[in-house]
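The structure under discussion appears below in the form of structure tokens.
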Amino acid sequence: MKTLGLLLVGLLAISGSFGVDKNNFKSCDQSGFCKRLRAFKPEKSHYIVDFENVMIQDNLLFADVNAVDLESESKTVLFRYVLKISALVDSTFRVEMEEVNPLYPRFATMLALKDTPIADQLKQVSKKDGQLVVANSKGLKVVITADPLKIEFLDKEGEVAVVLNEQSQMLVEPLVQRAKKEEGGDTVEVEEEGQWGENFKSHHDSKPRGNEAISLDVSFPDADQVYGIPEHTDGLALSTTTSGEPYRLYNLDVFEYELDSRMAIYGSIPVLYAHGSKRTVGVFWHNSAETWVDVVNYADGTVVSSLVNLVTGGHKRRVTSRFMSESGLLDTFVMLGDTPADVFRQYTRLTGAAPLPPKFSLAYHQCRWNYVDEADVRGVDENFDLHDIPADVLWLDIEYTDRKKYFTWDAQKFPHPSEMVANLTAKGRKLVVIIDPHIKREAGYFVHEDATDRGYYVKDKDGKDYEGWCWPGSSSYLDFLNPAVSKYYSERFRFENFPGTSKDVHIWNDMNEPSVFNGPEITMPKDCRHYREHEDGAEGLHTFWEHRHIHNEYGLFQIRATHQGMLDRSDGKYRPFILTRSAFSGTQRYAAVWTGDNAAEWGFLAASVPMCLSLALAGLSFCGSDVGGFFKYPEPELMTRWYQAGAYQPFFRAHSHIETKRREPWLYEPATTALLRDANRRRYALLDFWYTLFYEHARDGLPVMRPLWQEYPKEQPTYTIDDTYLLGNQLLVRPVVSAGVSSVQVYLPGAESGTVWYDVDSYQPHKANGYFSQEVNIAKIPVYQRGGTIVPRKERVRRSSALMAHDPYTLVVALDANNTAQGTIYIDDGETYEYKKNKFIYAKITYTSEEIAYSFINEKASFPTKSWVERIVIAGIKTPPKAARLQQAGASVALQMTLHKGNDVLVVRKPGAAMAQPWTISFTY
Ligand SMILES: *[C@@H]1O[C@H](CO)[C@@H](O)[C@H](O)[C@H]1NC(C)=O
Ligand SMILES: *[C@@H]1O[C@H](CO)[C@@H](O)[C@H](O)[C@H]1NC(C)=O
């Protein structure tokens, strides 16, 4: 939805200029630990491993590490640590380092990991000359150097792939007690600059635990580029940060966020990937506190060449990175790839893949802040039908509530919510309503009364209910860390507790960074207190976590409770759909994301591609941007290009700010409306393809929307391409994202393997050969199908996806140079969990010049679909067959065929094959 906008407009004169107010947000220098750690550049690391005390057991290595005073002659031990390295399945290692007997336990991030990671084996290979070598069950080696501590991970060729602490920037700040001194007979606490409190603007952070930061440098020999650590607005490939700000990860509601920036915005996913022609590897920094990441790419021209030689020993390529977090444990996962797909899978194996979404959620969504009343909703719904534009979901923003009290309806504007919902669902449509985590502090509001009585709110630094300012005015925030609060929240979604809702009403959790209009950096103060499970008799710091520890996973706690509530309300029968704005590692297990409050400007349309790609690499494939732009009004050309782009992005929703001119598709000139309709129809025609991609994502955890280098990892020019992407490995999409162009440059990968790409509009083949120029009129969306693939389509477009469930398929077969192709298709009821009981079809379709065969991959499963095949289009055929026959269920039928174009597109007309059963079509020549 939105940000501070309305409030600002209410309080201040509108300046007219668009853009972020950077004064509201910290630079690294204004963030105590970032400034402190960035300046920490010792010549030599002061951590030394004591090889006398190493233990290896099952998959674990424990070693004592001493932090020594390098200035002292005898290397006095200042602090003692224990280093833990564990081998996990799927070529992943975990490295943790903690103080021995800390003053109190550090916070361990709670929700990122899907399960306890599965152990592999770890065995010692050698121990000599101050180096200890261990290996996992696949023989992948880890070399630990004692003095100073350095950890190298070797690839399967035995070459160094990842190095920790090579730059000596590993640091675990020891927890210390506040120093006291005698002053005039009293004992007073010593104020050390910044250690026990810091200020930002008018806000004071009391830092009751003092400094507790951690840092680690991670080097990637041979890497060309690094990617990941969303959410930011600069390119997909990360840039060198030496002469500017590091990338920041701190979930924030940034009003009018800017492009090409490393500033933090709504989501923070601390996973980084390094890629080059040799290998792809990754590190997952398992930490939910504020984090900054520096990157140095020695090949990108901004690093002085003398330094390049010094650091890389003459190697051309190398990227180094450094993670710095304010608190939490030093706990990092090293994923050794070695292909892009391997490393993306390794990450989703740790944090989970998105489960199969309900099918409607992949269709078109219509939103606005706000559809003002029931008549407005009815009008928008009817206009989609009047104008023959398919749509699945209408959305209600905050104004549907009784004065921003969530789980209530405005009784004047929405007196009959159940009937309104029933009217939508009669056409197969759904409703999504917004539910934010702030709670209006109003006497008589049941959520507020319950939360107050039961102590369910986040507390301030003194232990009182924290009060901030958000949409409802004075608000407090539910403390989802308390299991009783999450349970209470989940129960609010029961149909009887939220009248007017049904299984067809889904949820939008917005403002969950959390957004606090009057808080530091528009969020919650870091010294606010959260629930912590503790023993009776525990005191002080042992009885709560601070907001600083959990900040980046606050929203994840909320959507987890929402998700549970939506499951419970239907006794686990229906799949929930949730949209969230804030995101952390693991968010993909519960919700889709969008890129927040963008603007109707070409730059934001262009940015939607790398932003969603970056989120997809970090596990969040279900991503989109506000189509048309949230702030400002899109002129017809921009609106058209945005619909065309959105139709090929996973989450496809139009949205707009309350103060902008209405812009539903029929409100433009008929010529523009026709183009918007065409974009939506293209989406609906491919809905089964999208659904199959998401089913496969749920199984393999690979990005749905993927960069070209995922499939063509050795093709160097693809490493920095972020305006073009693949859907699965089948379609290549190059949306038009600039004004007034008559052609775009499209990079077609796969020249070396003789790949052919077919324009999906004309079936014209293009041999892959790097860049080519594609002409684009206003109706053209450059999309290409890879030769060797089969894509299912449904061409009879109706009002909603539900009404198309049993429609027939068109199969588009695009042949490769060997005259073969294959594809998959997934079919089920679209909304329940019956697929877990084998009520689905997951089938493969293979084409050779002799036959096309449709067979079930999972032979135990079946689904009684009434769909059948109405057309098969075969593009790139060299020798057309003379005859074709369908064999299904013992019957054999002769089929009609037509040749098109320069006789290289063959259409098999009305095969009539039922999709509920396997079939074969054989060709004779
Ligand atoms: C539901 O649809 C009927 C028939 O079009 C209409 O009369 C009624 O007002 C609608 N109800 C709501 C709440 O929109
Ligand atoms: C064609 O088949 C050969 C032999 O199986 C294979 O090596 C080659 O990669 C294939 N070409 C394409 C374009 O798939």
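Order determines the names: the first chain of the structure tokens is A, the second B, and so forth; residues in each chain are numbered 1 upward, and ligands are numbered 1 upward as they are shown.
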
Within 7 Å of ligand 2 (counting only C-alpha atoms and all ligand atoms), which residues show up? I'd like them as a VMD selection string. chain A and resid 753 to 755 788 816 to 818

Write the residues of the selection above to a file with all heavy atoms, as a CSV table (one decimal), in the first residue's frame.
```
chain,number,residue,atom,x,y,z
A,753,SER,N,25.4,-23.9,-28.1
A,753,SER,CA,24.7,-25.2,-28.2
A,753,SER,C,23.6,-25.1,-29.3
A,753,SER,O,22.8,-26.0,-29.4
A,753,SER,CB,24.0,-25.5,-26.9
A,753,SER,OG,23.2,-24.4,-26.4
A,754,GLY,N,23.7,-24.1,-30.2
A,754,GLY,CA,22.8,-24.1,-31.3
A,754,GLY,C,21.4,-23.8,-31.0
A,754,GLY,O,20.4,-24.3,-31.7
A,755,THR,N,21.1,-23.0,-29.9
A,755,THR,CA,19.7,-22.8,-29.4
A,755,THR,C,19.0,-21.9,-30.4
A,755,THR,O,19.5,-21.0,-31.0
A,755,THR,CB,19.8,-22.1,-28.0
A,755,THR,OG1,20.6,-22.9,-27.2
A,755,THR,CG2,18.4,-22.0,-27.5
A,788,GLY,N,13.0,-26.7,-28.2
A,788,GLY,CA,13.2,-27.8,-27.3
A,788,GLY,C,12.2,-27.8,-26.2
A,788,GLY,O,12.3,-28.7,-25.4
A,816,ASP,N,13.9,-27.9,-31.3
A,816,ASP,CA,15.3,-27.6,-31.3
A,816,ASP,C,16.0,-28.1,-32.6
A,816,ASP,O,15.3,-28.7,-33.4
A,816,ASP,CB,16.0,-28.1,-30.0
A,816,ASP,CG,16.0,-29.6,-29.9
A,816,ASP,OD1,15.7,-30.3,-30.9
A,816,ASP,OD2,16.2,-30.1,-28.8
A,817,ALA,N,17.3,-27.9,-32.6
A,817,ALA,CA,18.0,-28.3,-33.9
A,817,ALA,C,17.9,-29.8,-34.1
A,817,ALA,O,18.1,-30.2,-35.3
A,817,ALA,CB,19.4,-27.9,-33.8
A,818,ASN,N,17.6,-30.6,-33.1
A,818,ASN,CA,17.5,-32.1,-33.3
A,818,ASN,C,16.1,-32.5,-33.5
A,818,ASN,O,15.8,-33.7,-33.5
A,818,ASN,CB,18.0,-32.8,-32.0
A,818,ASN,CG,19.5,-32.6,-31.9
A,818,ASN,OD1,20.2,-32.3,-32.8
A,818,ASN,ND2,20.0,-32.9,-30.6
```

Taking the DSSP secondary structure from the backbone, can you list the residues of stretch 310-540 of chain A that are strand (DSSP E), as JSON, numbers by chain? {"A": [318, 319, 320, 321, 322, 323, 324, 325, 330, 331, 332, 333, 334, 335, 364, 365, 366, 393, 394, 395, 396, 430, 431, 432, 433, 434, 438, 439, 440, 468, 469, 470, 473, 474, 475, 476, 477, 505, 506, 507, 508, 509, 529, 530, 531]}

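Neighbouring residues of ligand 1 at a cut-off of 8 Å, counting only C-alpha atoms and all ligand atoms, are A:Glu374, A:Ala375, A:Val377, A:Arg378, A:Phe414, A:Pro415, A:His416, A:Pro417, A:Ser418, A:Glu419, A:Met420, A:Val421, A:Ala422, A:Asn423.
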
Restricted to N, CA, C and O atoms, what would the selected residues look like written as a PDB file, in the first residue's frame?
```
ATOM      1  N   GLU A 374     -19.309  -0.481  -1.359  1.00  0.00           N
ATOM      2  CA  GLU A 374     -19.783  -1.678  -2.059  1.00  0.00           C
ATOM      3  C   GLU A 374     -20.153  -1.380  -3.510  1.00  0.00           C
ATOM      4  O   GLU A 374     -19.914  -2.185  -4.405  1.00  0.00           O
ATOM      5  N   ALA A 375     -20.742  -0.198  -3.737  1.00  0.00           N
ATOM      6  CA  ALA A 375     -21.142   0.156  -5.101  1.00  0.00           C
ATOM      7  C   ALA A 375     -19.912   0.295  -5.994  1.00  0.00           C
ATOM      8  O   ALA A 375     -19.921  -0.112  -7.161  1.00  0.00           O
ATOM      9  N   VAL A 377     -17.026  -1.268  -5.590  1.00  0.00           N
ATOM     10  CA  VAL A 377     -16.537  -2.627  -5.847  1.00  0.00           C
ATOM     11  C   VAL A 377     -17.378  -3.279  -6.942  1.00  0.00           C
ATOM     12  O   VAL A 377     -16.851  -3.869  -7.889  1.00  0.00           O
ATOM     13  N   ARG A 378     -18.692  -3.113  -6.818  1.00  0.00           N
ATOM     14  CA  ARG A 378     -19.587  -3.723  -7.816  1.00  0.00           C
ATOM     15  C   ARG A 378     -19.317  -3.133  -9.199  1.00  0.00           C
ATOM     16  O   ARG A 378     -19.248  -3.843 -10.188  1.00  0.00           O
ATOM     17  N   PHE A 414     -19.520  -0.362   3.812  1.00  0.00           N
ATOM     18  CA  PHE A 414     -19.531  -1.806   3.529  1.00  0.00           C
ATOM     19  C   PHE A 414     -20.499  -2.518   4.463  1.00  0.00           C
ATOM     20  O   PHE A 414     -20.091  -3.318   5.314  1.00  0.00           O
ATOM     21  N   PRO A 415     -21.822  -2.231   4.288  1.00  0.00           N
ATOM     22  CA  PRO A 415     -22.791  -2.832   5.208  1.00  0.00           C
ATOM     23  C   PRO A 415     -23.050  -4.319   4.937  1.00  0.00           C
ATOM     24  O   PRO A 415     -23.545  -5.016   5.829  1.00  0.00           O
ATOM     25  N   HIS A 416     -22.747  -4.804   3.711  1.00  0.00           N
ATOM     26  CA  HIS A 416     -23.058  -6.210   3.374  1.00  0.00           C
ATOM     27  C   HIS A 416     -21.831  -6.930   2.836  1.00  0.00           C
ATOM     28  O   HIS A 416     -21.827  -7.390   1.691  1.00  0.00           O
ATOM     29  N   PRO A 417     -20.781  -7.049   3.647  1.00  0.00           N
ATOM     30  CA  PRO A 417     -19.558  -7.655   3.086  1.00  0.00           C
ATOM     31  C   PRO A 417     -19.764  -9.083   2.574  1.00  0.00           C
ATOM     32  O   PRO A 417     -19.217  -9.442   1.534  1.00  0.00           O
ATOM     33  N   SER A 418     -20.583  -9.873   3.277  1.00  0.00           N
ATOM     34  CA  SER A 418     -20.764 -11.267   2.825  1.00  0.00           C
ATOM     35  C   SER A 418     -21.397 -11.313   1.444  1.00  0.00           C
ATOM     36  O   SER A 418     -20.986 -12.098   0.585  1.00  0.00           O
ATOM     37  N   GLU A 419     -22.380 -10.451   1.247  1.00  0.00           N
ATOM     38  CA  GLU A 419     -23.065 -10.437  -0.052  1.00  0.00           C
ATOM     39  C   GLU A 419     -22.115  -9.920  -1.134  1.00  0.00           C
ATOM     40  O   GLU A 419     -22.099 -10.433  -2.262  1.00  0.00           O
ATOM     41  N   MET A 420     -21.327  -8.920  -0.783  1.00  0.00           N
ATOM     42  CA  MET A 420     -20.352  -8.383  -1.740  1.00  0.00           C
ATOM     43  C   MET A 420     -19.376  -9.479  -2.174  1.00  0.00           C
ATOM     44  O   MET A 420     -19.083  -9.635  -3.363  1.00  0.00           O
ATOM     45  N   VAL A 421     -18.907 -10.239  -1.197  1.00  0.00           N
ATOM     46  CA  VAL A 421     -17.975 -11.329  -1.504  1.00  0.00           C
ATOM     47  C   VAL A 421     -18.679 -12.403  -2.341  1.00  0.00           C
ATOM     48  O   VAL A 421     -18.132 -12.888  -3.334  1.00  0.00           O
ATOM     49  N   ALA A 422     -19.908 -12.719  -1.966  1.00  0.00           N
ATOM     50  CA  ALA A 422     -20.649 -13.756  -2.707  1.00  0.00           C
ATOM     51  C   ALA A 422     -20.865 -13.324  -4.160  1.00  0.00           C
ATOM     52  O   ALA A 422     -20.783 -14.145  -5.074  1.00  0.00           O
ATOM     53  N   ASN A 423     -21.102 -12.038  -4.367  1.00  0.00           N
ATOM     54  CA  ASN A 423     -21.267 -11.547  -5.745  1.00  0.00           C
ATOM     55  C   ASN A 423     -19.992 -11.736  -6.554  1.00  0.00           C
ATOM     56  O   ASN A 423     -20.038 -12.051  -7.742  1.00  0.00           O
TER      57      ASN A 423
END
```

Give the answer as one residue: which of A:Val172, A:Ile845, A:Val68, A:Ile658 has the shortest atom-to-atom distance to A:Val372, using only C-alpha atoms? A:Ile658

Counting only C-alpha atoms, what are the residues of stretch 286-401 of chain A within 12 Å of stretch 259-280 of chain A, and for each of them which pair of atoms is the nearest and at what distance in Å, to one decimal? Sort the table by chain and rising number, as CSV.
```
residue,atom,partner,partner_atom,distance
A:His286,CA,A:Pro270,CA,7.1
A:Asn287,CA,A:Pro270,CA,7.5
A:Ser288,CA,A:Ser268,CA,8.4
A:Ala289,CA,A:Ser268,CA,9.7
A:Glu290,CA,A:Ser268,CA,8.9
A:Thr291,CA,A:Pro270,CA,8.2
A:Trp292,CA,A:Ala264,CA,9.2
A:Val293,CA,A:Pro270,CA,9.0
A:Asp294,CA,A:Arg262,CA,10.3
A:Val295,CA,A:Leu272,CA,10.4
A:Val296,CA,A:Ala274,CA,11.9
A:Asn297,CA,A:Ala274,CA,10.5
A:Ala299,CA,A:Gly276,CA,11.7
A:Lys316,CA,A:Gly276,CA,11.6
A:Arg317,CA,A:Gly276,CA,8.6
A:Arg318,CA,A:Gly276,CA,9.4
A:Val319,CA,A:Ala274,CA,7.8
A:Thr320,CA,A:Ala274,CA,9.4
A:Ser321,CA,A:Leu272,CA,9.0
A:Arg322,CA,A:Leu272,CA,10.5
A:Phe323,CA,A:Pro270,CA,8.9
A:Met324,CA,A:Pro270,CA,10.8
A:Ser325,CA,A:Pro270,CA,10.5
A:Asp331,CA,A:Pro270,CA,11.7
A:Thr332,CA,A:Val271,CA,9.6
A:Phe333,CA,A:Val271,CA,9.2
A:Val334,CA,A:Leu272,CA,9.9
A:Met335,CA,A:Tyr273,CA,8.9
A:Leu336,CA,A:Thr280,CA,7.3
A:Gly337,CA,A:Thr280,CA,5.5
A:Asp338,CA,A:Thr280,CA,5.0
A:Thr339,CA,A:Thr280,CA,5.2
A:Pro340,CA,A:Thr280,CA,5.4
A:Ala341,CA,A:Thr280,CA,8.8
A:Asp342,CA,A:Thr280,CA,8.2
A:Val343,CA,A:Thr280,CA,6.9
A:Phe344,CA,A:Tyr273,CA,8.7
A:Arg345,CA,A:Thr280,CA,11.9
A:Gln346,CA,A:Val271,CA,11.2
A:Tyr347,CA,A:Val271,CA,8.1
A:Thr348,CA,A:Val271,CA,10.8
A:Leu350,CA,A:Val271,CA,11.3
A:Thr351,CA,A:Val271,CA,10.7
```

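Between A:Glu43 and the candidates A:Thr595, A:Gln169, A:Thr187, A:Gln121, the tightest atom-to-atom separation, counting only C-alpha atoms, involves A:Gln169.
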
Env of stretch 881-893 of chain A: 9 Å cut, atoms = only C-alpha atoms, seq-sep filter 5 positions within chain, self excluded. Answer as a PDB file with N, CA and C atoms, in the first residue's frame.
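Everything below was put into result-v4.pdb:
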```
ATOM      1  N   SER A 849      10.257 -36.750 -33.901  1.00  0.00           N
ATOM      2  CA  SER A 849       9.623 -36.731 -35.216  1.00  0.00           C
ATOM      3  C   SER A 849       8.647 -37.900 -35.394  1.00  0.00           C
ATOM      4  N   GLU A 850       8.759 -38.936 -34.585  1.00  0.00           N
ATOM      5  CA  GLU A 850       7.823 -40.069 -34.685  1.00  0.00           C
ATOM      6  C   GLU A 850       6.509 -39.828 -33.956  1.00  0.00           C
ATOM      7  N   GLU A 851       6.579 -39.140 -32.788  1.00  0.00           N
ATOM      8  CA  GLU A 851       5.346 -39.033 -31.992  1.00  0.00           C
ATOM      9  C   GLU A 851       5.397 -37.895 -30.975  1.00  0.00           C
ATOM     10  N   VAL A 908      -1.717 -29.271 -35.669  1.00  0.00           N
ATOM     11  CA  VAL A 908      -2.558 -30.467 -35.590  1.00  0.00           C
ATOM     12  C   VAL A 908      -3.895 -29.972 -35.065  1.00  0.00           C
ATOM     13  N   PRO A 911      -7.093 -32.359 -31.951  1.00  0.00           N
ATOM     14  CA  PRO A 911      -6.722 -33.747 -31.599  1.00  0.00           C
ATOM     15  C   PRO A 911      -7.755 -34.361 -30.663  1.00  0.00           C
ATOM     16  N   GLY A 912      -8.392 -33.541 -29.825  1.00  0.00           N
ATOM     17  CA  GLY A 912      -9.452 -34.057 -28.952  1.00  0.00           C
ATOM     18  C   GLY A 912      -8.974 -34.977 -27.851  1.00  0.00           C
ATOM     19  N   ALA A 913      -7.662 -35.049 -27.635  1.00  0.00           N
ATOM     20  CA  ALA A 913      -7.134 -35.952 -26.604  1.00  0.00           C
ATOM     21  C   ALA A 913      -7.544 -35.450 -25.226  1.00  0.00           C
ATOM     22  N   ALA A 914      -8.038 -36.343 -24.370  1.00  0.00           N
ATOM     23  CA  ALA A 914      -8.436 -35.962 -23.014  1.00  0.00           C
ATOM     24  C   ALA A 914      -7.198 -35.887 -22.131  1.00  0.00           C
ATOM     25  N   GLN A 917      -6.110 -38.596 -19.118  1.00  0.00           N
ATOM     26  CA  GLN A 917      -5.464 -39.885 -19.392  1.00  0.00           C
ATOM     27  C   GLN A 917      -4.248 -39.681 -20.294  1.00  0.00           C
ATOM     28  N   PRO A 918      -3.268 -40.573 -20.223  1.00  0.00           N
ATOM     29  CA  PRO A 918      -2.139 -40.479 -21.160  1.00  0.00           C
ATOM     30  C   PRO A 918      -2.602 -40.669 -22.614  1.00  0.00           C
ATOM     31  N   TRP A 919      -1.860 -40.133 -23.533  1.00  0.00           N
ATOM     32  CA  TRP A 919      -2.141 -40.317 -24.949  1.00  0.00           C
ATOM     33  C   TRP A 919      -0.863 -40.208 -25.762  1.00  0.00           C
ATOM     34  N   THR A 920      -0.970 -40.657 -27.003  1.00  0.00           N
ATOM     35  CA  THR A 920       0.156 -40.555 -27.941  1.00  0.00           C
ATOM     36  C   THR A 920      -0.380 -40.163 -29.310  1.00  0.00           C
ATOM     37  N   ILE A 921       0.322 -39.283 -29.964  1.00  0.00           N
ATOM     38  CA  ILE A 921       0.007 -38.988 -31.364  1.00  0.00           C
ATOM     39  C   ILE A 921       1.216 -39.425 -32.181  1.00  0.00           C
ATOM     40  N   SER A 922       0.994 -40.329 -33.148  1.00  0.00           N
ATOM     41  CA  SER A 922       2.137 -40.785 -33.946  1.00  0.00           C
ATOM     42  C   SER A 922       2.062 -40.211 -35.353  1.00  0.00           C
ATOM     43  N   PHE A 923       3.233 -39.974 -35.916  1.00  0.00           N
ATOM     44  CA  PHE A 923       3.333 -39.349 -37.234  1.00  0.00           C
ATOM     45  C   PHE A 923       3.892 -40.347 -38.241  1.00  0.00           C
ATOM     46  N   THR A 924       3.392 -40.275 -39.460  1.00  0.00           N
ATOM     47  CA  THR A 924       4.017 -41.060 -40.546  1.00  0.00           C
ATOM     48  C   THR A 924       4.394 -40.120 -41.676  1.00  0.00           C
ATOM     49  N   TYR A 925       5.447 -40.509 -42.405  1.00  0.00           N
ATOM     50  CA  TYR A 925       6.004 -39.612 -43.424  1.00  0.00           C
ATOM     51  C   TYR A 925       5.872 -40.217 -44.804  1.00  0.00           C
TER      52      TYR A 925
END
```

Applying 8 Å and only C-alpha atoms, which residues near A:Tyr257 remain after dropping the ones on its own chain fewer than 5 positions away? List them as a list in words. Gly19, Val20, Ile265, Asp597 and Asn598 of chain A

Contacts of stretch 822-835 of chain A within 6 Å, only C-alpha atoms, excl. fewer than 3 positions in-chain, as number ranges by chain: A: 358-359, 573-575, 692, 789-790, 838-846

Save the residues we just selected, C-alpha atoms, as a CSV table (one decimal), in the first residue's frame?
```csv
chain,number,residue,atom,x,y,z
A,358,PRO,CA,-3.8,-21.0,-5.1
A,359,LYS,CA,-4.2,-20.7,-8.8
A,573,LYS,CA,-8.6,-27.4,3.5
A,574,TYR,CA,-7.8,-24.3,1.4
A,575,ARG,CA,-4.5,-22.7,0.4
A,692,THR,CA,3.2,-25.5,-13.6
A,789,THR,CA,10.3,-26.8,-25.1
A,790,ILE,CA,6.6,-27.3,-25.0
A,838,ASN,CA,-2.5,-37.6,-5.1
A,839,LYS,CA,-5.4,-35.7,-6.7
A,840,PHE,CA,-3.4,-34.0,-9.4
A,841,ILE,CA,-1.8,-34.6,-12.7
A,842,TYR,CA,1.9,-33.9,-13.3
A,843,ALA,CA,2.7,-35.0,-16.8
A,844,LYS,CA,5.5,-34.7,-19.3
A,845,ILE,CA,4.9,-34.1,-23.0
A,846,THR,CA,7.7,-35.2,-25.3
```

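The residue set within 12 Å of A:Arg454, counting only C-alpha atoms and dropping same-chain residues fewer than 2 places from it, reads Phe446, Val447, His448, Glu449, Asp450, Ala451, Thr452, Tyr456, Tyr457, Val458, Asp465, Leu478, Asp479, Asn482, Ala484, Val485 and Tyr488 of chain A.
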
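Proximity to A:Asp120 at 7 Å, evaluated using only C-alpha atoms and with sequence-adjacent residues fewer than 2 positions away removed, yields Asn59, Ala87, Leu88, Val89, Ile118, Leu122, Asn136 and Ser137 of chain A.
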
Grab the residues selected above and save them as a PDB file, in the first residue's frame with N, CA, C and O atoms.
```pdb
ATOM      1  N   ASN A  59      29.073 -34.667  12.284  1.00  0.00           N
ATOM      2  CA  ASN A  59      29.214 -33.640  11.239  1.00  0.00           C
ATOM      3  C   ASN A  59      29.782 -32.339  11.792  1.00  0.00           C
ATOM      4  O   ASN A  59      29.728 -31.323  11.135  1.00  0.00           O
ATOM      5  N   ALA A  87      29.117 -29.796   8.724  1.00  0.00           N
ATOM      6  CA  ALA A  87      28.854 -30.196   7.340  1.00  0.00           C
ATOM      7  C   ALA A  87      27.385 -30.553   7.241  1.00  0.00           C
ATOM      8  O   ALA A  87      26.856 -31.306   8.058  1.00  0.00           O
ATOM      9  N   LEU A  88      26.712 -29.966   6.244  1.00  0.00           N
ATOM     10  CA  LEU A  88      25.289 -30.235   6.031  1.00  0.00           C
ATOM     11  C   LEU A  88      25.111 -30.888   4.669  1.00  0.00           C
ATOM     12  O   LEU A  88      25.984 -30.787   3.804  1.00  0.00           O
ATOM     13  N   VAL A  89      23.977 -31.542   4.495  1.00  0.00           N
ATOM     14  CA  VAL A  89      23.734 -32.192   3.199  1.00  0.00           C
ATOM     15  C   VAL A  89      23.696 -31.133   2.100  1.00  0.00           C
ATOM     16  O   VAL A  89      23.530 -29.945   2.371  1.00  0.00           O
ATOM     17  N   ILE A 118      19.871 -30.532   7.748  1.00  0.00           N
ATOM     18  CA  ILE A 118      20.212 -31.959   7.836  1.00  0.00           C
ATOM     19  C   ILE A 118      21.731 -32.147   7.796  1.00  0.00           C
ATOM     20  O   ILE A 118      22.424 -31.595   6.941  1.00  0.00           O
ATOM     21  N   LEU A 122      31.489 -35.240   8.650  1.00  0.00           N
ATOM     22  CA  LEU A 122      32.707 -34.434   8.569  1.00  0.00           C
ATOM     23  C   LEU A 122      33.849 -35.287   9.104  1.00  0.00           C
ATOM     24  O   LEU A 122      33.743 -35.870  10.183  1.00  0.00           O
ATOM     25  N   ASN A 136      33.700 -33.139   3.803  1.00  0.00           N
ATOM     26  CA  ASN A 136      32.353 -33.699   3.961  1.00  0.00           C
ATOM     27  C   ASN A 136      32.273 -35.041   3.231  1.00  0.00           C
ATOM     28  O   ASN A 136      33.282 -35.521   2.697  1.00  0.00           O
ATOM     29  N   SER A 137      31.090 -35.631   3.177  1.00  0.00           N
ATOM     30  CA  SER A 137      30.979 -36.987   2.618  1.00  0.00           C
ATOM     31  C   SER A 137      31.261 -37.016   1.120  1.00  0.00           C
ATOM     32  O   SER A 137      31.573 -38.052   0.562  1.00  0.00           O
TER      33      SER A 137
END
```

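Atom pair atom CA of A:Val907 / atom CA of A:Val812: separated by 9.4 Å.
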
Among the residues of stretch 266-492 of chain A, find those DSSP assigns to helix (DSSP H, G or I) from the backbone and print them as a PyMOL selection string. chain A and resi 305-312+340-351+359-362+374-386+398-400+417-425+446-454+483-492

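One finds atom CA of A:His542 at 28.0 Å from atom CA of A:Ser582.
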
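Rounded to one decimal, atom CA of A:Ser474 and atom CA of A:Gln564 lie 27.7 Å from each other.
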